[in-house]
file my_file.cif (mmCIF, C-alpha atoms)
data_work
loop_
_atom_site.label_atom_id
_atom_site.label_comp_id
_atom_site.auth_asym_id
_atom_site.auth_seq_id
_atom_site.Cartn_x
_atom_site.Cartn_y
_atom_site.Cartn_z
CA MET A 1 -45.05 -24.27 50.96
CA ALA A 2 -43.69 -23.92 47.45
CA PHE A 3 -45.89 -26.82 46.29
CA ARG A 4 -48.99 -25.25 47.88
CA ALA A 5 -48.20 -21.87 46.30
CA SER A 6 -47.80 -23.47 42.88
CA VAL A 7 -51.12 -25.32 43.28
CA GLU A 8 -52.91 -22.11 44.30
CA SER A 9 -51.42 -20.18 41.39
CA GLY A 10 -52.48 -23.02 39.08
CA ASN A 11 -56.02 -22.87 40.44
CA VAL A 12 -56.14 -19.09 39.91
CA LEU A 13 -54.95 -19.52 36.34
CA LEU A 14 -57.48 -22.29 35.75
CA ARG A 15 -60.34 -20.17 37.09
CA PHE A 16 -59.22 -17.29 34.88
CA ILE A 17 -59.16 -19.53 31.80
CA VAL A 18 -62.59 -20.95 32.67
CA ARG A 19 -64.04 -17.47 33.10
CA VAL A 20 -62.57 -16.21 29.84
CA GLY A 21 -63.87 -19.30 28.04
CA ARG A 22 -67.33 -18.91 29.54
CA GLU A 23 -67.51 -15.22 28.57
CA SER A 24 -66.24 -15.98 25.06
CA LEU A 25 -68.81 -18.73 24.54
CA GLY A 26 -71.54 -16.44 25.83
CA LEU A 27 -70.46 -13.69 23.42
CA VAL A 28 -70.41 -16.07 20.46
CA SER A 29 -73.81 -17.43 21.47
CA THR A 30 -75.26 -13.92 21.69
CA PHE A 31 -73.97 -12.90 18.27
CA GLY A 32 -75.26 -16.15 16.81
CA ALA A 33 -78.70 -15.47 18.30
CA MET A 34 -78.61 -11.93 16.85
CA ALA A 35 -77.76 -13.33 13.41
CA ILE A 36 -80.72 -15.73 13.54
CA PHE A 37 -82.93 -12.93 14.88
CA PHE A 38 -81.96 -10.70 11.94
CA PHE A 39 -82.51 -13.52 9.45
CA PHE A 40 -86.10 -14.10 10.55
CA GLY A 41 -86.72 -10.36 10.75
CA PHE A 42 -85.33 -9.76 7.26
CA ILE A 43 -87.22 -12.52 5.45
CA ASN A 44 -90.49 -11.28 6.97
CA ILE A 45 -89.98 -7.86 5.41
CA PHE A 46 -91.32 -9.24 2.15
CA ARG A 47 -94.59 -10.55 3.60
CA ARG A 48 -97.87 -8.90 2.75
CA LYS A 49 -99.29 -5.85 4.58
CA GLN A 50 -95.89 -4.53 5.66
CA ILE A 51 -95.82 -1.32 3.62
CA ALA A 52 -97.83 0.80 6.05
CA GLU A 53 -95.68 -0.21 9.04
CA ILE A 54 -92.46 0.30 7.09
CA VAL A 55 -93.53 3.80 6.06
CA SER A 56 -94.50 4.65 9.64
CA HIS A 57 -91.16 3.50 11.05
CA THR A 58 -89.24 5.16 8.22
CA TYR A 59 -90.81 8.44 9.28
CA SER A 60 -89.91 7.75 12.92
CA ILE A 61 -86.34 6.61 12.28
CA GLY A 62 -85.48 8.69 9.22
CA ALA A 63 -87.54 11.86 8.92
CA ARG A 64 -87.59 12.66 12.64
CA SER A 65 -83.82 12.14 12.87
CA SER A 66 -83.02 14.32 9.86
CA LEU A 67 -82.77 17.62 11.76
CA ILE A 68 -80.23 16.42 14.32
CA VAL A 69 -78.24 14.58 11.61
CA MET A 70 -78.04 17.70 9.42
CA LEU A 71 -77.15 19.88 12.41
CA VAL A 72 -74.30 17.57 13.39
CA GLY A 73 -73.26 17.36 9.73
CA LEU A 74 -73.09 21.14 9.43
CA PHE A 75 -70.86 21.65 12.44
CA THR A 76 -68.76 18.59 11.60
CA GLY A 77 -68.07 20.08 8.17
CA MET A 78 -67.28 23.47 9.69
CA VAL A 79 -64.85 22.01 12.22
CA LEU A 80 -63.30 19.80 9.55
CA GLY A 81 -62.83 22.77 7.22
CA LEU A 82 -61.28 24.83 10.01
CA GLN A 83 -58.86 22.13 11.15
CA LEU A 84 -57.85 21.04 7.66
CA PHE A 85 -57.30 24.63 6.54
CA TYR A 86 -54.67 25.27 9.22
CA THR A 87 -53.11 21.87 8.55
CA LEU A 88 -52.91 22.37 4.78
CA VAL A 89 -51.52 25.90 5.16
CA LYS A 90 -48.37 24.40 6.68
CA PHE A 91 -47.80 22.38 3.49
CA GLY A 92 -48.92 25.07 1.04
CA SER A 93 -51.86 22.96 -0.11
CA VAL A 94 -54.87 25.06 0.80
CA GLY A 95 -56.32 24.40 -2.65
CA ALA A 96 -56.88 20.78 -1.64
CA LEU A 97 -59.27 21.78 1.17
CA GLY A 98 -62.37 20.80 -0.79
CA SER A 99 -60.93 17.38 -1.62
CA ALA A 100 -59.95 16.71 1.99
CA VAL A 101 -63.37 17.73 3.35
CA SER A 102 -65.43 15.83 0.77
CA LEU A 103 -63.42 12.61 0.91
CA SER A 104 -63.29 12.62 4.71
CA LEU A 105 -67.06 13.01 4.93
CA ILE A 106 -68.07 10.66 2.13
CA ARG A 107 -65.68 7.85 2.97
CA GLU A 108 -65.64 7.92 6.75
CA LEU A 109 -67.25 10.57 8.90
CA GLY A 110 -70.62 10.73 7.15
CA PRO A 111 -71.68 7.09 7.56
CA VAL A 112 -70.16 6.70 11.05
CA LEU A 113 -71.51 9.87 12.67
CA THR A 114 -74.91 9.45 11.01
CA ALA A 115 -75.19 5.92 12.39
CA ILE A 116 -74.15 7.02 15.88
CA MET A 117 -76.67 9.87 15.92
CA ILE A 118 -79.51 7.63 14.72
CA THR A 119 -78.51 5.07 17.34
CA ALA A 120 -78.67 7.70 20.06
CA ARG A 121 -82.06 8.97 18.96
CA ALA A 122 -83.98 6.18 17.20
CA GLY A 123 -82.06 3.08 18.31
CA SER A 124 -82.61 3.77 21.99
CA ALA A 125 -86.29 4.42 21.29
CA MET A 126 -86.61 1.09 19.47
CA ALA A 127 -85.03 -0.84 22.34
CA ALA A 128 -87.14 0.93 24.98
CA GLU A 129 -90.41 0.58 23.05
CA ILE A 130 -89.98 -3.12 22.33
CA GLY A 131 -88.77 -3.69 25.89
CA ILE A 132 -91.91 -2.09 27.30
CA LEU A 133 -94.03 -4.25 25.01
CA ARG A 134 -92.19 -7.28 26.37
CA ILE A 135 -92.49 -6.56 30.08
CA SER A 136 -96.13 -5.52 29.72
CA GLU A 137 -96.80 -8.92 28.09
CA GLN A 138 -98.09 -7.39 24.86
CA ILE A 139 -95.69 -9.53 22.85
CA ASP A 140 -97.12 -12.61 24.56
CA ALA A 141 -100.56 -11.34 23.63
CA LEU A 142 -99.52 -11.27 19.97
CA TYR A 143 -98.57 -14.94 20.26
CA THR A 144 -102.00 -15.79 21.66
CA MET A 145 -103.60 -14.01 18.67
CA ARG A 146 -101.37 -16.04 16.31
CA ILE A 147 -99.52 -12.93 15.15
CA ASP A 148 -95.79 -13.32 14.63
CA PRO A 149 -94.16 -10.62 16.83
CA VAL A 150 -90.99 -10.65 14.74
CA ARG A 151 -92.94 -9.95 11.56
CA TYR A 152 -95.15 -7.36 13.22
CA LEU A 153 -92.58 -5.52 15.37
CA ILE A 154 -89.06 -6.24 14.10
CA SER A 155 -89.25 -6.54 10.31
CA PRO A 156 -90.67 -3.04 9.66
CA ARG A 157 -87.99 -1.48 11.86
CA ILE A 158 -85.19 -3.32 10.05
CA ALA A 159 -86.59 -2.28 6.67
CA ALA A 160 -87.02 1.32 7.82
CA ALA A 161 -83.42 1.44 9.05
CA ILE A 162 -82.12 0.04 5.74
CA ILE A 163 -84.05 2.77 3.90
CA SER A 164 -83.23 5.64 6.28
CA PHE A 165 -79.50 5.22 6.94
CA PRO A 166 -78.24 5.77 3.35
CA ILE A 167 -80.58 8.73 2.81
CA LEU A 168 -79.53 10.44 6.04
CA THR A 169 -75.88 9.69 5.25
CA ALA A 170 -76.29 11.52 1.92
CA PHE A 171 -77.85 14.49 3.76
CA PHE A 172 -74.98 14.47 6.26
CA ASP A 173 -72.38 14.49 3.48
CA LEU A 174 -74.01 17.35 1.58
CA ILE A 175 -74.55 19.52 4.65
CA GLY A 176 -71.03 18.71 5.88
CA ILE A 177 -69.49 19.82 2.57
CA PHE A 178 -71.52 23.03 2.83
CA GLY A 179 -70.22 23.49 6.39
CA GLY A 180 -66.67 23.12 5.07
CA TYR A 181 -67.51 25.80 2.49
CA ILE A 182 -68.66 28.14 5.25
CA SER A 183 -65.45 27.69 7.22
CA GLY A 184 -62.99 27.53 4.35
CA VAL A 185 -64.46 30.04 1.93
CA LEU A 186 -66.69 32.46 3.81
CA LEU A 187 -64.71 32.67 7.06
CA LEU A 188 -61.10 31.93 6.07
CA GLY A 189 -61.04 33.30 2.53
CA THR A 190 -60.26 30.24 0.40
CA ASN A 191 -61.19 30.65 -3.27
CA ALA A 192 -64.77 29.46 -3.77
CA GLY A 193 -64.21 28.08 -7.28
CA THR A 194 -61.17 26.11 -6.18
CA TYR A 195 -63.06 24.67 -3.22
CA LEU A 196 -66.05 23.57 -5.30
CA TYR A 197 -63.87 22.13 -8.05
CA ARG A 198 -61.82 20.19 -5.52
CA VAL A 199 -65.01 18.85 -3.97
CA GLN A 200 -66.01 17.26 -7.28
CA PHE A 201 -62.65 16.37 -8.81
CA PRO A 202 -61.31 13.58 -6.53
CA VAL A 203 -64.64 11.99 -5.58
CA ASP A 204 -65.27 8.82 -7.54
CA ILE A 205 -68.29 6.54 -7.65
CA VAL A 206 -66.24 4.03 -5.66
CA ASP A 207 -66.05 6.48 -2.74
CA VAL A 208 -69.78 7.17 -2.81
CA ARG A 209 -70.59 3.48 -3.13
CA GLY A 210 -68.32 2.65 -0.20
CA GLY A 211 -70.07 5.22 1.98
CA PHE A 212 -73.49 3.78 1.16
CA ILE A 213 -72.28 0.22 1.76
CA LYS A 214 -71.14 1.29 5.22
CA ALA A 215 -74.50 2.95 5.84
CA LEU A 216 -76.34 -0.27 4.94
CA VAL A 217 -74.07 -2.35 7.18
CA PHE A 218 -74.61 0.07 10.06
CA ALA A 219 -78.37 0.00 9.48
CA VAL A 220 -78.43 -3.79 9.83
CA ILE A 221 -76.21 -3.70 12.91
CA VAL A 222 -78.08 -0.94 14.75
CA SER A 223 -81.60 -2.19 14.01
CA THR A 224 -80.73 -5.79 14.89
CA ILE A 225 -78.94 -4.99 18.14
CA CYS A 226 -81.52 -2.48 19.38
CA CYS A 227 -84.50 -4.69 18.55
CA PHE A 228 -82.76 -7.78 19.98
CA GLN A 229 -81.95 -6.06 23.27
CA GLY A 230 -85.51 -4.83 23.70
CA TYR A 231 -87.12 -8.10 22.58
CA PHE A 232 -85.20 -10.22 25.08
CA CYS A 233 -84.92 -7.69 27.92
CA HIS A 234 -86.98 -9.99 30.18
CA MET A 235 -84.15 -12.55 30.10
CA ARG A 236 -81.56 -10.20 31.59
CA PRO A 237 -80.15 -11.59 34.87
CA GLN A 238 -79.32 -8.12 36.24
CA GLY A 239 -82.92 -7.04 36.75
CA PHE A 240 -86.52 -7.26 35.63
CA GLY A 241 -89.39 -4.92 34.80
CA ALA A 242 -88.54 -1.26 34.26
CA LYS A 243 -84.93 -1.84 35.29
CA ALA A 244 -84.54 -4.47 32.58
CA VAL A 245 -85.85 -2.03 29.97
CA GLY A 246 -83.37 0.61 31.11
CA LEU A 247 -80.47 -1.84 31.03
CA ALA A 248 -81.52 -3.10 27.62
CA THR A 249 -81.64 0.44 26.25
CA ILE A 250 -78.19 1.25 27.63
CA SER A 251 -76.76 -1.99 26.23
CA ALA A 252 -78.37 -1.37 22.85
CA VAL A 253 -76.79 2.07 22.47
CA VAL A 254 -73.36 1.10 23.80
CA ILE A 255 -73.07 -2.16 21.85
CA SER A 256 -74.35 -0.51 18.67
CA CYS A 257 -71.79 2.30 18.88
CA VAL A 258 -68.94 -0.14 19.53
CA MET A 259 -70.03 -2.41 16.69
CA ILE A 260 -70.34 0.58 14.35
CA LEU A 261 -66.68 1.42 14.92
CA ILE A 262 -65.53 -2.20 14.67
CA SER A 263 -67.52 -2.88 11.51
CA ASP A 264 -66.31 0.42 10.05
CA TYR A 265 -62.73 -0.85 10.23
CA VAL A 266 -63.70 -4.25 8.81
CA VAL A 267 -65.69 -2.82 5.91
CA THR A 268 -63.00 -0.23 5.15
CA SER A 269 -60.34 -2.94 5.03
CA PHE A 270 -62.43 -4.85 2.47
CA LEU A 271 -63.19 -1.77 0.37
CA MET A 272 -59.62 -0.49 0.18
#

call {"tool": "encode", "arguments": {"input": "my_file.cif", "output": "structure tokens"}}
result
Amino acid sequence: MAFRASVESGNVLLRFIVRVGRESLGLVSTFGAMAIFFFFGFINIFRRKQIAEIVSHTYSIGARSSLIVMLVGLFTGMVLGLQLFYTLVKFGSVGALGSAVSLSLIRELGPVLTAIMITARAGSAMAAEIGILRISEQIDALYTMRIDPVRYLISPRIAAAIISFPILTAFFDLIGIFGGYISGVLLLGTNAGTYLYRVQFPVDIVDVRGGFIKALVFAVIVSTICCFQGYFCHMRPQGFGAKAVGLATISAVVISCVMILISDYVVTSFLM
């Protein structure tokens, strides 16, 4: 009995190891495929006749997301100013409110929250649109017309994301700092001159550059994942047709948000 129990426990452990290994290899394979997918999409950005498509997708990803990004930035700055004010009061450092708000937004919250909001609005739309093109066989039709679908569909979206993310991050930071001014100065009575001076004084070009580097990294991650999920939605084993498009859209948003947070830590550790 003891021998049989040990054999069964060994088999359970072996099956667990096999499953973990299979999932790990599948994950590595998927990320490798995404890297190759991004490479071909990126090099096709510089082909001829891409400007019109890039401008169109920049309007869709960037301009049409600006309102929600600025709205979130305003209330993020207001909440940040409110919370930091009551925290700094305990240490007698209310004068540092402007520094705390500006550095928090520029270094961390601006790029991350901007990327998440664009993912929710534009990233899901990219995955769904490309997925519908796939299941309706329009991508196959491009192949028959000798048009490269990656160049025609993916490259302009990657370029538009690379253009839009830093610009919207800058808008988020500015509106967020203004939101902190509303909370700290207009509502709680902090000195306006002190707040504005502290906004400028500690912020260095290194902080601004780090925020834009994060925005560019997030742009690559979000555009690649969302386009990849939509482009290969027909290969999903969980379903096909409209269900595959829905699953691809959900996966695109969830994976993008998780990778934004993971890459945020990685990039921050390199920039520190």

call {"tool": "closest_residue", "arguments": {"input": "my_file.cif", "among": "A:Val18, A:Leu103, A:Leu97, A:Leu67", "to": "Met117 of chain A", "atoms": "only C-alpha atoms"}}
result
A:Leu67

call {"tool": "atom_distance", "arguments": {"input": "my_file.cif", "atom1": "atom CA of Arg107 of chain A", "atom2": "atom CA of Gly180 of chain A"}}
result
15.4 Å

call {"tool": "closest_residue", "arguments": {"input": "my_file.cif", "among": "A:Thr194, A:Ile147, A:Ser24, A:Cys226", "to": "Ser93 of chain A", "atoms": "all atoms listed in the file"}}
result
A:Thr194

call {"tool": "resolve_selection", "arguments": {"input": "my_file.cif", "expression": "the PyMOL selection byres ((chain A and resi 129) around 12)", "output": "MDAnalysis selection string"}}
result
chainID A and resid 122:128 130:136 138:139 153:154 157 226:231 233 242 245:246 248:249

call {"tool": "closest_atom_pairs", "arguments": {"input": "my_file.cif", "of": "segment 98-173 of chain A", "to": "segment 197-221 of chain A", "cutoff": "8 Å", "atoms": "only C-alpha atoms", "output": "Markdown table"}}
result
| residue | atom | partner | partner_atom | distance |
| --- | --- | --- | --- | --- |
| A:Gly98 | CA | A:Val199 | CA | 4.6 |
| A:Ser99 | CA | A:Arg198 | CA | 4.9 |
| A:Val101 | CA | A:Val199 | CA | 7.6 |
| A:Ser102 | CA | A:Val199 | CA | 5.6 |
| A:Leu103 | CA | A:Val203 | CA | 6.6 |
| A:Ile106 | CA | A:Gly211 | CA | 5.8 |
| A:Arg107 | CA | A:Gly211 | CA | 5.2 |
| A:Glu108 | CA | A:Gly211 | CA | 7.0 |
| A:Gly110 | CA | A:Gly211 | CA | 7.6 |
| A:Pro111 | CA | A:Ala215 | CA | 5.3 |
| A:Val112 | CA | A:Ala215 | CA | 7.7 |
| A:Ala115 | CA | A:Phe218 | CA | 6.3 |
| A:Ile158 | CA | A:Val220 | CA | 6.8 |
| A:Ala161 | CA | A:Ala219 | CA | 5.3 |
| A:Ile162 | CA | A:Ala219 | CA | 5.3 |
| A:Phe165 | CA | A:Ala215 | CA | 5.6 |
| A:Pro166 | CA | A:Ala215 | CA | 5.3 |
| A:Thr169 | CA | A:Ala215 | CA | 6.9 |

call {"tool": "write_last_selection", "arguments": {"input": "my_file.cif", "atoms": "C-alpha atoms", "output": "PDB file, in the coordinates of the input"}}
result
ATOM      1  CA  GLY A  98     -62.370  20.800  -0.790  1.00  0.00           C
ATOM      2  CA  SER A  99     -60.930  17.380  -1.620  1.00  0.00           C
ATOM      3  CA  VAL A 101     -63.370  17.730   3.350  1.00  0.00           C
ATOM      4  CA  SER A 102     -65.430  15.830   0.770  1.00  0.00           C
ATOM      5  CA  LEU A 103     -63.420  12.610   0.910  1.00  0.00           C
ATOM      6  CA  ILE A 106     -68.070  10.660   2.130  1.00  0.00           C
ATOM      7  CA  ARG A 107     -65.680   7.850   2.970  1.00  0.00           C
ATOM      8  CA  GLU A 108     -65.640   7.920   6.750  1.00  0.00           C
ATOM      9  CA  GLY A 110     -70.620  10.730   7.150  1.00  0.00           C
ATOM     10  CA  PRO A 111     -71.680   7.090   7.560  1.00  0.00           C
ATOM     11  CA  VAL A 112     -70.160   6.700  11.050  1.00  0.00           C
ATOM     12  CA  ALA A 115     -75.190   5.920  12.390  1.00  0.00           C
ATOM     13  CA  ILE A 158     -85.190  -3.320  10.050  1.00  0.00           C
ATOM     14  CA  ALA A 161     -83.420   1.440   9.050  1.00  0.00           C
ATOM     15  CA  ILE A 162     -82.120   0.040   5.740  1.00  0.00           C
ATOM     16  CA  PHE A 165     -79.500   5.220   6.940  1.00  0.00           C
ATOM     17  CA  PRO A 166     -78.240   5.770   3.350  1.00  0.00           C
ATOM     18  CA  THR A 169     -75.880   9.690   5.250  1.00  0.00           C
TER      19      THR A 169
END

call {"tool": "atom_distance", "arguments": {"input": "my_file.cif", "atom1": "atom CA of Gly184 of chain A", "atom2": "atom CA of Gly77 of chain A"}}
result
9.8 Å

call {"tool": "residues_around", "arguments": {"input": "my_file.cif", "residues": "Gln238 of chain A", "least_positions_apart": "4", "cutoff": "9 Å", "atoms": "only C-alpha atoms", "output": "number ranges by chain"}}
result
A: 243-244, 247

call {"tool": "closest_residue", "arguments": {"input": "my_file.cif", "among": "A:Ile177, A:Ala159, A:Leu109, A:Leu196", "to": "Asp264 of chain A", "atoms": "all atoms listed in the file"}}
result
A:Leu109

call {"tool": "atom_distance", "arguments": {"input": "my_file.cif", "atom1": "atom CA of Ser29 of chain A", "atom2": "atom CA of Ala120 of chain A"}}
result
25.6 Å

call {"tool": "closest_residue", "arguments": {"input": "my_file.cif", "among": "A:Ile51, A:Ile68, A:Arg19, A:Val185", "to": "Gly81 of chain A", "atoms": "only C-alpha atoms"}}
result
A:Val185

call {"tool": "resolve_selection", "arguments": {"input": "my_file.cif", "expression": "the PyMOL selection byres ((chain A and resi 188) around 12)", "output": "list in words"}}
result
Met78, Gly81, Leu82, Gln83, Leu84, Phe85, Tyr86, Val89, Val94, Leu97, Gly180, Tyr181, Ile182, Ser183, Gly184, Val185, Leu186, Leu187, Gly189, Thr190, Asn191, Ala192 and Tyr195 of chain A

call {"tool": "closest_residue", "arguments": {"input": "my_file.cif", "among": "A:Leu14, A:Ala33, A:Leu105, A:Lys49", "to": "Val79 of chain A", "atoms": "all atoms listed in the file"}}
result
A:Leu105
